[in-house]
file protein.tsv (TSV, C-alpha atoms)
chain	number	residue	atom	x	y	z
P	847	MET	CA	-27.35	1.95	2.14
P	848	PRO	CA	-26.90	-0.16	5.33
P	849	PRO	CA	-23.37	-0.33	6.75
P	850	GLU	CA	-21.21	-3.09	5.34
P	851	ARG	CA	-20.57	-5.81	7.91
P	852	LEU	CA	-17.60	-8.09	7.46
P	853	PRO	CA	-18.01	-11.85	8.07
P	854	PHE	CA	-16.22	-11.77	11.42
P	855	GLU	CA	-18.33	-8.82	12.67
P	856	GLN	CA	-21.62	-10.67	13.18
P	857	GLU	CA	-21.57	-10.38	16.95
P	858	ILE	CA	-20.43	-6.75	16.77
P	859	GLY	CA	-23.17	-5.98	14.24
P	860	ALA	CA	-25.91	-7.53	16.39
P	861	MET	CA	-24.81	-5.47	19.38
P	862	GLU	CA	-24.63	-2.27	17.29
P	863	ASP	CA	-28.15	-2.87	15.96
P	864	LEU	CA	-29.50	-3.39	19.49
P	865	LEU	CA	-27.79	-0.22	20.69
P	866	ALA	CA	-29.17	1.75	17.72
P	867	ARG	CA	-32.73	0.59	18.48
P	868	LEU	CA	-32.47	1.58	22.13
P	869	GLU	CA	-30.99	5.00	21.31
P	870	ALA	CA	-33.57	5.69	18.60
P	871	ASP	CA	-36.60	5.38	20.94
P	872	PRO	CA	-36.76	8.30	23.43
P	873	ALA	CA	-38.99	6.33	25.79
P	874	ASP	CA	-36.65	3.34	25.88
P	875	GLN	CA	-33.66	5.65	26.14
P	876	LEU	CA	-34.96	7.10	29.41
P	877	SER	CA	-35.88	3.75	30.92
P	878	ALA	CA	-32.81	1.87	29.72
P	879	THR	CA	-30.01	4.35	30.40
P	880	GLU	CA	-27.95	1.85	32.36
P	881	GLU	CA	-28.53	-0.84	29.77
P	882	ILE	CA	-27.33	1.49	27.00
P	883	ARG	CA	-24.19	2.30	28.96
P	884	ARG	CA	-23.52	-1.40	29.58
P	885	ILE	CA	-23.94	-2.26	25.91
P	886	ARG	CA	-21.61	0.57	24.89
P	887	ARG	CA	-18.93	-0.72	27.27
P	888	GLU	CA	-19.33	-4.28	26.04
P	889	LEU	CA	-19.25	-3.13	22.42
P	890	VAL	CA	-15.97	-1.28	22.91
P	891	SER	CA	-14.50	-4.28	24.70
P	892	LEU	CA	-15.66	-6.65	21.97
P	893	LYS	CA	-14.24	-4.47	19.17
P	894	ARG	CA	-10.93	-4.09	20.98
P	895	LYS	CA	-10.66	-7.85	21.53
P	896	LYS	CA	-11.55	-8.72	17.95
P	897	TYR	CA	-9.54	-6.06	16.14
P	898	SER	CA	-6.41	-6.63	18.19
P	899	ASN	CA	-6.33	-10.28	17.04
P	900	LEU	CA	-7.32	-10.17	13.38
P	901	SER	CA	-6.00	-12.90	11.14
P	902	ALA	CA	-4.14	-11.93	7.96
P	903	TRP	CA	-7.21	-12.64	5.83
P	904	GLU	CA	-9.49	-10.63	8.13
P	905	THR	CA	-7.03	-7.73	7.87
P	906	ILE	CA	-7.35	-7.89	4.09
P	907	LEU	CA	-11.14	-7.74	4.35
P	908	VAL	CA	-10.87	-4.61	6.50
P	909	SER	CA	-8.40	-3.02	4.06
P	910	ARG	CA	-10.94	-3.55	1.25
P	911	HIS	CA	-13.96	-2.19	3.13
P	912	ARG	CA	-16.04	-0.11	0.71
P	913	GLU	CA	-16.34	2.77	3.22
P	914	ARG	CA	-12.62	2.92	3.99
P	915	PRO	CA	-11.21	6.43	3.31
P	916	GLN	CA	-9.32	6.79	0.05
P	917	LEU	CA	-6.95	9.34	-1.43
P	918	LEU	CA	-9.55	11.98	-2.27
P	919	ASP	CA	-11.16	11.60	1.16
P	920	TYR	CA	-7.80	12.42	2.76
P	921	VAL	CA	-7.40	15.35	0.37
P	922	GLU	CA	-10.60	16.80	1.84
P	923	LEU	CA	-9.71	16.00	5.45
P	924	ILE	CA	-5.96	16.67	5.60
P	925	PHE	CA	-4.64	18.71	2.70
P	926	ASP	CA	-5.26	22.31	1.68
P	927	GLU	CA	-5.13	23.97	-1.73
P	928	PHE	CA	-4.94	20.73	-3.69
P	929	VAL	CA	-4.40	21.37	-7.42
P	930	GLU	CA	-4.60	18.21	-9.48
P	931	LEU	CA	-2.08	17.69	-12.30
P	932	HIS	CA	-3.24	15.57	-15.22
P	933	GLY	CA	-1.71	13.46	-17.94
P	934	ASP	CA	1.58	11.70	-18.68
P	935	ARG	CA	2.44	13.72	-21.84
P	936	ALA	CA	2.42	10.53	-23.88
P	937	ILE	CA	-0.80	8.48	-23.77
P	938	GLY	CA	-3.41	10.00	-21.48
P	939	ASP	CA	-4.59	10.67	-17.95
P	940	ASP	CA	-4.91	7.58	-15.74
P	941	ARG	CA	-7.71	8.10	-13.20
P	942	ALA	CA	-6.47	5.32	-10.92
P	943	LEU	CA	-3.34	7.32	-10.05
P	944	ARG	CA	-3.88	10.95	-9.07
P	945	SER	CA	-1.30	13.65	-8.49
P	946	GLY	CA	-1.13	17.32	-7.65
P	947	PHE	CA	0.29	20.14	-5.57
P	948	ALA	CA	-1.03	20.33	-2.03
P	949	ARG	CA	-0.35	21.96	1.30
P	950	ILE	CA	-0.30	20.24	4.70
P	951	GLY	CA	0.40	22.41	7.71
P	952	ASP	CA	3.32	24.67	6.78
P	953	PHE	CA	4.58	22.33	4.05
P	954	ARG	CA	3.94	22.47	0.33
P	955	VAL	CA	4.14	19.00	-1.17
P	956	MET	CA	3.52	16.89	-4.26
P	957	LEU	CA	0.74	14.42	-3.45
P	958	ILE	CA	0.48	11.18	-5.46
P	959	GLY	CA	-1.79	8.24	-4.76
P	960	HIS	CA	-4.21	5.59	-5.91
P	961	GLN	CA	-7.94	6.25	-6.06
P	962	LYS	CA	-10.30	3.26	-6.16
P	963	GLY	CA	-13.61	5.09	-6.15
P	964	HIS	CA	-16.67	4.69	-3.92
P	965	SER	CA	-19.61	4.54	-6.33
P	966	ALA	CA	-19.92	1.94	-9.08
P	967	LYS	CA	-19.41	4.62	-11.73
P	968	GLU	CA	-16.25	5.97	-10.07
P	969	ARG	CA	-14.86	2.48	-9.52
P	970	MET	CA	-15.25	1.71	-13.20
P	971	GLU	CA	-13.54	4.99	-14.10
P	972	CYS	CA	-10.68	4.26	-11.70
P	973	LEU	CA	-10.58	0.53	-12.50
P	974	PHE	CA	-10.70	-0.21	-8.76
P	975	GLY	CA	-7.34	1.50	-8.25
P	976	CYS	CA	-5.45	-0.57	-10.84
P	977	ALA	CA	-3.20	1.88	-12.68
P	978	HIS	CA	-2.10	1.65	-16.33
P	979	PRO	CA	1.46	2.40	-17.55
P	980	GLU	CA	0.48	6.02	-18.18
P	981	GLY	CA	-0.39	6.34	-14.48
P	982	TYR	CA	3.13	5.39	-13.43
P	983	ARG	CA	4.63	7.63	-16.10
P	984	LYS	CA	2.47	10.49	-14.82
P	985	ALA	CA	3.55	9.81	-11.23
P	986	LEU	CA	7.24	9.85	-12.14
P	987	ASN	CA	6.89	13.06	-14.15
P	988	LYS	CA	5.28	14.76	-11.18
P	989	MET	CA	7.97	13.45	-8.82
P	990	ARG	CA	10.66	14.93	-11.05
P	991	LEU	CA	8.77	18.22	-11.08
P	992	ALA	CA	8.65	18.13	-7.27
P	993	ALA	CA	12.39	17.46	-7.07
P	994	LYS	CA	13.06	20.42	-9.37
P	995	PHE	CA	11.39	22.75	-6.85
P	996	ARG	CA	12.58	20.79	-3.79
P	997	LEU	CA	9.03	19.84	-2.77
P	998	PRO	CA	8.60	16.71	-0.63
P	999	VAL	CA	6.65	13.89	-2.25
P	1000	ILE	CA	3.86	12.08	-0.39
P	1001	CYS	CA	2.59	8.79	-1.87
P	1002	LEU	CA	-0.62	7.22	-0.55
P	1003	ILE	CA	-0.80	3.61	-1.72
P	1004	ASP	CA	-4.09	1.75	-2.14
P	1005	THR	CA	-4.22	-0.73	-5.00
P	1006	PRO	CA	-4.71	-4.48	-5.48
P	1007	GLY	CA	-2.07	-4.26	-8.23
P	1008	ALA	CA	-1.29	-2.68	-11.57
P	1009	TYR	CA	-3.89	-3.19	-14.30
P	1010	PRO	CA	-3.43	-6.76	-15.64
P	1011	GLY	CA	-4.57	-6.16	-19.22
P	1012	ILE	CA	-2.85	-7.01	-22.50
P	1013	GLY	CA	-2.79	-3.34	-23.52
P	1014	ALA	CA	-0.99	-2.39	-20.32
P	1015	GLU	CA	1.68	-5.01	-20.96
P	1016	GLU	CA	2.03	-3.92	-24.58
P	1017	ARG	CA	2.67	-0.36	-23.41
P	1018	GLY	CA	5.49	-1.48	-21.12
P	1019	GLN	CA	3.89	-1.72	-17.68
P	1020	ALA	CA	6.67	-3.80	-16.08
P	1021	GLN	CA	9.43	-1.62	-17.48
P	1022	LEU	CA	7.75	1.60	-16.35
P	1023	ILE	CA	7.35	0.28	-12.80
P	1024	ALA	CA	11.03	-0.75	-12.82
P	1025	VAL	CA	12.01	2.74	-14.01
P	1026	ASN	CA	9.97	4.24	-11.17
P	1027	LEU	CA	11.85	2.09	-8.63
P	1028	LEU	CA	15.19	3.28	-9.99
P	1029	GLU	CA	14.24	6.94	-10.21
P	1030	MET	CA	12.54	7.08	-6.79
P	1031	SER	CA	15.63	5.54	-5.19
P	1032	ARG	CA	17.68	8.56	-6.30
P	1033	LEU	CA	15.07	11.32	-6.26
P	1034	SER	CA	16.68	14.42	-4.74
P	1035	THR	CA	13.78	15.36	-2.46
P	1036	PRO	CA	12.17	13.69	0.59
P	1037	VAL	CA	9.74	10.90	-0.27
P	1038	ILE	CA	7.13	9.57	2.17
P	1039	CYS	CA	5.09	6.46	1.32
P	1040	ILE	CA	2.04	5.31	3.31
P	1041	VAL	CA	-0.02	2.20	2.54
P	1042	ILE	CA	-3.56	3.32	3.43
P	1043	GLY	CA	-5.42	0.22	2.25
P	1044	GLU	CA	-4.26	-2.42	-0.18
P	1045	GLY	CA	-0.61	-2.61	-1.18
P	1046	GLY	CA	-0.62	-5.19	-3.91
P	1047	SER	CA	2.37	-6.27	-5.99
P	1048	GLY	CA	4.28	-3.96	-8.34
P	1049	GLY	CA	1.25	-1.70	-8.56
P	1050	ALA	CA	2.00	-0.59	-5.01
P	1051	LEU	CA	5.78	-0.74	-5.28
P	1052	GLY	CA	5.70	1.55	-8.32
P	1053	ILE	CA	5.18	4.50	-5.96
P	1054	GLY	CA	6.56	2.81	-2.84
P	1055	ILE	CA	10.27	3.69	-2.61
P	1056	GLY	CA	10.80	6.39	-0.01
P	1057	ASP	CA	12.70	7.75	2.97
P	1058	ARG	CA	9.79	6.74	5.21
P	1059	VAL	CA	7.55	3.77	4.39
P	1060	SER	CA	4.70	3.08	6.80
P	1061	MET	CA	1.30	1.39	6.88
P	1062	LEU	CA	-2.05	1.91	8.46
P	1063	GLU	CA	-2.78	-0.69	11.13
P	1064	HIS	CA	-5.27	-2.71	9.05
P	1065	ALA	CA	-3.64	-2.30	5.64
P	1066	TYR	CA	-1.60	-4.97	3.85
P	1067	TYR	CA	1.51	-4.87	1.64
P	1068	SER	CA	2.46	-7.90	-0.42
P	1069	VAL	CA	4.29	-9.12	-3.51
P	1070	ILE	CA	1.02	-10.70	-4.69
P	1071	SER	CA	-2.61	-10.77	-3.62
P	1072	PRO	CA	-3.73	-13.79	-1.55
P	1073	GLU	CA	-6.07	-14.77	-4.39
P	1074	GLY	CA	-3.19	-14.73	-6.88
P	1075	CYS	CA	-0.93	-16.67	-4.54
P	1076	ALA	CA	-3.64	-19.27	-3.85
P	1077	GLY	CA	-4.28	-19.63	-7.58
P	1078	ILE	CA	-0.59	-20.37	-8.19
P	1079	LEU	CA	-0.03	-22.74	-5.26
P	1080	TRP	CA	-3.36	-24.58	-5.12
P	1081	LYS	CA	-4.68	-23.86	-8.64
P	1082	THR	CA	-7.80	-22.30	-7.16
P	1083	ALA	CA	-8.64	-19.43	-4.79
P	1084	THR	CA	-11.24	-20.66	-2.30
P	1085	ASP	CA	-12.38	-19.72	1.20
P	1086	GLU	CA	-9.90	-22.33	2.41
P	1087	THR	CA	-6.83	-21.47	0.34
P	1088	LYS	CA	-7.02	-17.66	0.47
P	1089	PRO	CA	-6.52	-17.44	4.28
P	1090	LEU	CA	-3.65	-19.95	4.02
P	1091	ALA	CA	-1.96	-17.81	1.38
P	1092	ALA	CA	-2.52	-14.63	3.41
P	1093	ASP	CA	-0.88	-16.19	6.48
P	1094	ALA	CA	2.10	-17.44	4.46
P	1095	LEU	CA	2.74	-14.08	2.77
P	1096	LYS	CA	3.34	-12.20	6.07
P	1097	LEU	CA	1.59	-9.17	4.59
P	1098	THR	CA	0.15	-7.45	7.68
P	1099	ALA	CA	1.61	-4.29	9.17
P	1100	ARG	CA	2.67	-6.16	12.31
P	1101	SER	CA	4.62	-8.80	10.36
P	1102	LEU	CA	6.27	-6.27	8.04
P	1103	HIS	CA	7.29	-4.06	10.95
P	1104	GLN	CA	8.94	-7.03	12.66
P	1105	LEU	CA	10.80	-7.80	9.42
P	1106	GLY	CA	11.99	-4.20	9.09
P	1107	ILE	CA	10.15	-3.55	5.83
P	1108	ILE	CA	8.16	-0.60	7.17
P	1109	ASP	CA	9.06	2.14	9.62
P	1110	ASP	CA	5.81	2.59	11.57
P	1111	ILE	CA	2.38	1.10	12.09
P	1112	ILE	CA	-0.10	3.99	12.07
P	1113	PRO	CA	-2.97	3.18	14.47
P	1114	GLU	CA	-6.54	3.20	13.21
P	1115	PRO	CA	-9.74	4.08	15.13
P	1116	LEU	CA	-11.26	1.16	17.00
P	1117	GLY	CA	-12.92	-1.05	14.41
P	1118	GLY	CA	-11.01	0.32	11.41
P	1119	ALA	CA	-10.48	3.59	9.56
P	1120	HIS	CA	-13.96	3.41	7.99
P	1121	ARG	CA	-15.65	3.82	11.38
P	1122	ASP	CA	-14.20	7.29	11.98
P	1123	GLN	CA	-12.63	8.86	8.92
P	1124	ARG	CA	-11.93	12.19	10.62
P	1125	GLU	CA	-10.03	10.59	13.49
P	1126	MET	CA	-8.05	8.50	11.01
P	1127	ALA	CA	-7.22	11.60	8.98
P	1128	ASN	CA	-6.01	13.47	12.07
P	1129	THR	CA	-3.75	10.56	13.04
P	1130	LEU	CA	-2.34	10.26	9.52
P	1131	LYS	CA	-1.73	14.01	9.39
P	1132	THR	CA	0.25	13.82	12.64
P	1133	TYR	CA	2.56	11.16	11.20
P	1134	LEU	CA	3.00	12.98	7.88
P	1135	LEU	CA	3.95	16.23	9.61
P	1136	ARG	CA	6.40	14.37	11.83
P	1137	TYR	CA	8.09	12.76	8.84
P	1138	LEU	CA	8.25	16.07	6.98
P	1139	ARG	CA	9.92	17.76	9.96
P	1140	GLU	CA	12.43	14.90	10.31
P	1141	LEU	CA	13.42	15.04	6.63
P	1142	ARG	CA	13.34	18.81	6.19
P	1143	GLY	CA	16.75	20.33	5.76
P	1144	LEU	CA	18.67	17.08	5.28
P	1145	PRO	CA	21.53	17.62	2.80
P	1146	HIS	CA	21.03	15.95	-0.57
P	1147	ASP	CA	23.86	13.44	-0.13
P	1148	GLU	CA	22.76	12.45	3.37
P	1149	LEU	CA	19.13	12.03	2.26
P	1150	LEU	CA	20.10	9.65	-0.56
P	1151	GLU	CA	22.57	7.72	1.62
P	1152	GLN	CA	19.94	7.16	4.33
P	1153	ARG	CA	17.44	6.00	1.72
P	1154	TYR	CA	20.00	3.62	0.22
P	1155	GLN	CA	20.93	2.14	3.59
P	1156	LYS	CA	17.27	1.79	4.55
P	1157	PHE	CA	16.62	-0.64	1.71
P	1158	ARG	CA	20.00	-2.36	2.02
P	1159	ARG	CA	19.15	-3.31	5.61
P	1160	MET	CA	16.05	-5.23	4.55
P	1161	GLY	CA	16.30	-9.01	4.55
P	1162	VAL	CA	18.05	-11.63	6.67
P	1163	PHE	CA	21.10	-13.59	5.59
P	1164	ASP	CA	22.94	-16.58	7.02
P	1165	GLU	CA	26.67	-16.16	6.42
P	1166	ARG	CA	27.82	-19.31	8.20
P	1167	PRO	CA	29.94	-21.67	6.08
P	1168	PRO	CA	28.12	-24.68	4.62
P	1169	SER	CA	28.32	-28.00	6.39
P	1170	ALA	CA	30.45	-30.88	5.12
P	1171	ASN	CA	27.68	-32.17	2.85
P	1172	GLY	CA	27.37	-28.77	1.20
P	1173	SER	CA	24.06	-27.74	2.78
P	1174	LEU	CA	23.50	-24.64	4.88
P	1175	GLY	CA	22.35	-26.63	7.85
P	1176	ALA	CA	19.33	-25.68	9.92
P	1177	ALA	CA	19.16	-22.06	8.82
P	1178	GLU	CA	19.06	-21.09	5.18
P	1179	ALA	CA	19.63	-17.74	3.56
P	1180	GLN	CA	16.42	-15.77	3.37
call {"tool": "encode", "arguments": {"input": "protein.tsv", "output": "structure tokens"}}
result
Amino acid sequence: MPPERLPFEQEIGAMEDLLARLEADPADQLSATEEIRRIRRELVSLKRKKYSNLSAWETILVSRHRERPQLLDYVELIFDEFVELHGDRAIGDDRALRSGFARIGDFRVMLIGHQKGHSAKERMECLFGCAHPEGYRKALNKMRLAAKFRLPVICLIDTPGAYPGIGAEERGQAQLIAVNLLEMSRLSTPVICIVIGEGGSGGALGIGIGDRVSMLEHAYYSVISPEGCAGILWKTATDETKPLAADALKLTARSLHQLGIIDDIIPEPLGGAHRDQREMANTLKTYLLRYLRELRGLPHDELLEQRYQKFRRMGVFDERPPSANGSLGAAEAQ
């Protein structure tokens, strides 16, 4: 299958194809050594220029790239001795949300995350990473198990949102996500949450409350998808309204870091995580180990207090008294 090229990568793709042709022909490779070197330099410069100035909508396209590494890819590249734990002890085993014991470096952890799937068959099995209520129940059960044995919890988030079906709502999807938020806020073990791709709506937030919350450079994290937002505001999601919604939502890692929603922006390889999965895995592993060392040994009360204060600090408020006409003036509470 040819590599997937995003709409804004046309110039990059043309240069990559030219470079591939020159490198594939031994005769041309000998006679065009300098040309190959020049093209490589220009390609790196072009990627750096383009990927350092992505729009919000372009960032979303990168986060959805079909070759972007997912949970099970990171299991192979980062974690050792992964033992998957199945089922929610009530309904069934949701394949969109996976969980299990794992080891990373010297740490034994509980790993939980969304799996979208790469092949068409796997995507249908995983419902493109959209978890059902039983997935969130399973995740919470495994978090409680981890807390019992004082194992840190690592959550890798990659979902466009929770499954939007009638059956999911009938089985209490919204309530289960709300319960997860409450229980994760007071879980007596370190919790680390990383958005590795899409971070859509309550589907992402259902495993997103932690002592450290970070994002990969070209991931997004939002209360609603741009398509959903455009459908509400403009009644239709088009090539014109989707980028407008993405810009308004402030859903990129850079915007959320400036707003204090996330702790760190984890850099990706030049051109996105899908271009070098092993390099991306090594970078992610470095951050995870750093967080685990920072949180290791914190007393229970201090861990919970820091987590509480972390989320209390989010948001901006204007506490100035209202003007004579009763309005807040130029600045309004946010």
call {"tool": "residues_around", "arguments": {"input": "protein.tsv", "residues": "range 1074-1084 of chain P", "least_positions_apart": "3", "cutoff": "12 Å", "atoms": "all atoms listed in the file", "output": "PyMOL selection string"}}
result
chain P and resi 1006-1007+1010+1046-1047+1068-1071+1087-1095
call {"tool": "closest_residue", "arguments": {"input": "protein.tsv", "among": "P:Ile924, P:Ala936, P:Ala1024, P:Ile906", "to": "Asp1004 in chain P", "atoms": "all atoms listed in the file"}}
result
P:Ile906
call {"tool": "closest_residue", "arguments": {"input": "protein.tsv", "among": "P:Pro1072, P:Arg1142, P:Gly1117, P:Gln1021", "to": "Arg851 in chain P", "atoms": "all atoms listed in the file"}}
result
P:Gly1117
call {"tool": "atom_distance", "arguments": {"input": "protein.tsv", "atom1": "CA of Asp934 in chain P", "atom2": "CA of Lys994 in chain P"}}
result
17.2 Å
call {"tool": "atom_distance", "arguments": {"input": "protein.tsv", "atom1": "CA of Leu852 in chain P", "atom2": "CA of Val908 in chain P"}}
result
7.6 Å
call {"tool": "atom_distance", "arguments": {"input": "protein.tsv", "atom1": "CA of Ile1023 in chain P", "atom2": "CA of Gly1045 in chain P"}}
result
14.4 Å
call {"tool": "closest_residue", "arguments": {"input": "protein.tsv", "among": "P:Ile1012, P:Glu1114, P:Asp1147, P:Gln1123", "to": "Glu1063 in chain P", "atoms": "all atoms listed in the file"}}
result
P:Glu1114
call {"tool": "closest_residue", "arguments": {"input": "protein.tsv", "among": "P:Arg990, P:Arg867, P:Ala902, P:Gly1118", "to": "Glu855 in chain P", "atoms": "all atoms listed in the file"}}
result
P:Gly1118
call {"tool": "closest_residue", "arguments": {"input": "protein.tsv", "among": "P:Tyr1133, P:Tyr1067, P:Phe953, P:Phe1163", "to": "Pro1113 in chain P", "atoms": "only C-alpha atoms"}}
result
P:Tyr1133
call {"tool": "residues_around", "arguments": {"input": "protein.tsv", "residues": "Gly975 in chain P", "least_positions_apart": "3", "cutoff": "12 Å", "atoms": "all atoms listed in the file", "output": "PyMOL selection string"}}
result
chain P and resi 910+916-917+940-944+959-964+968-972+978+981+1002-1010+1043-1046+1049-1050
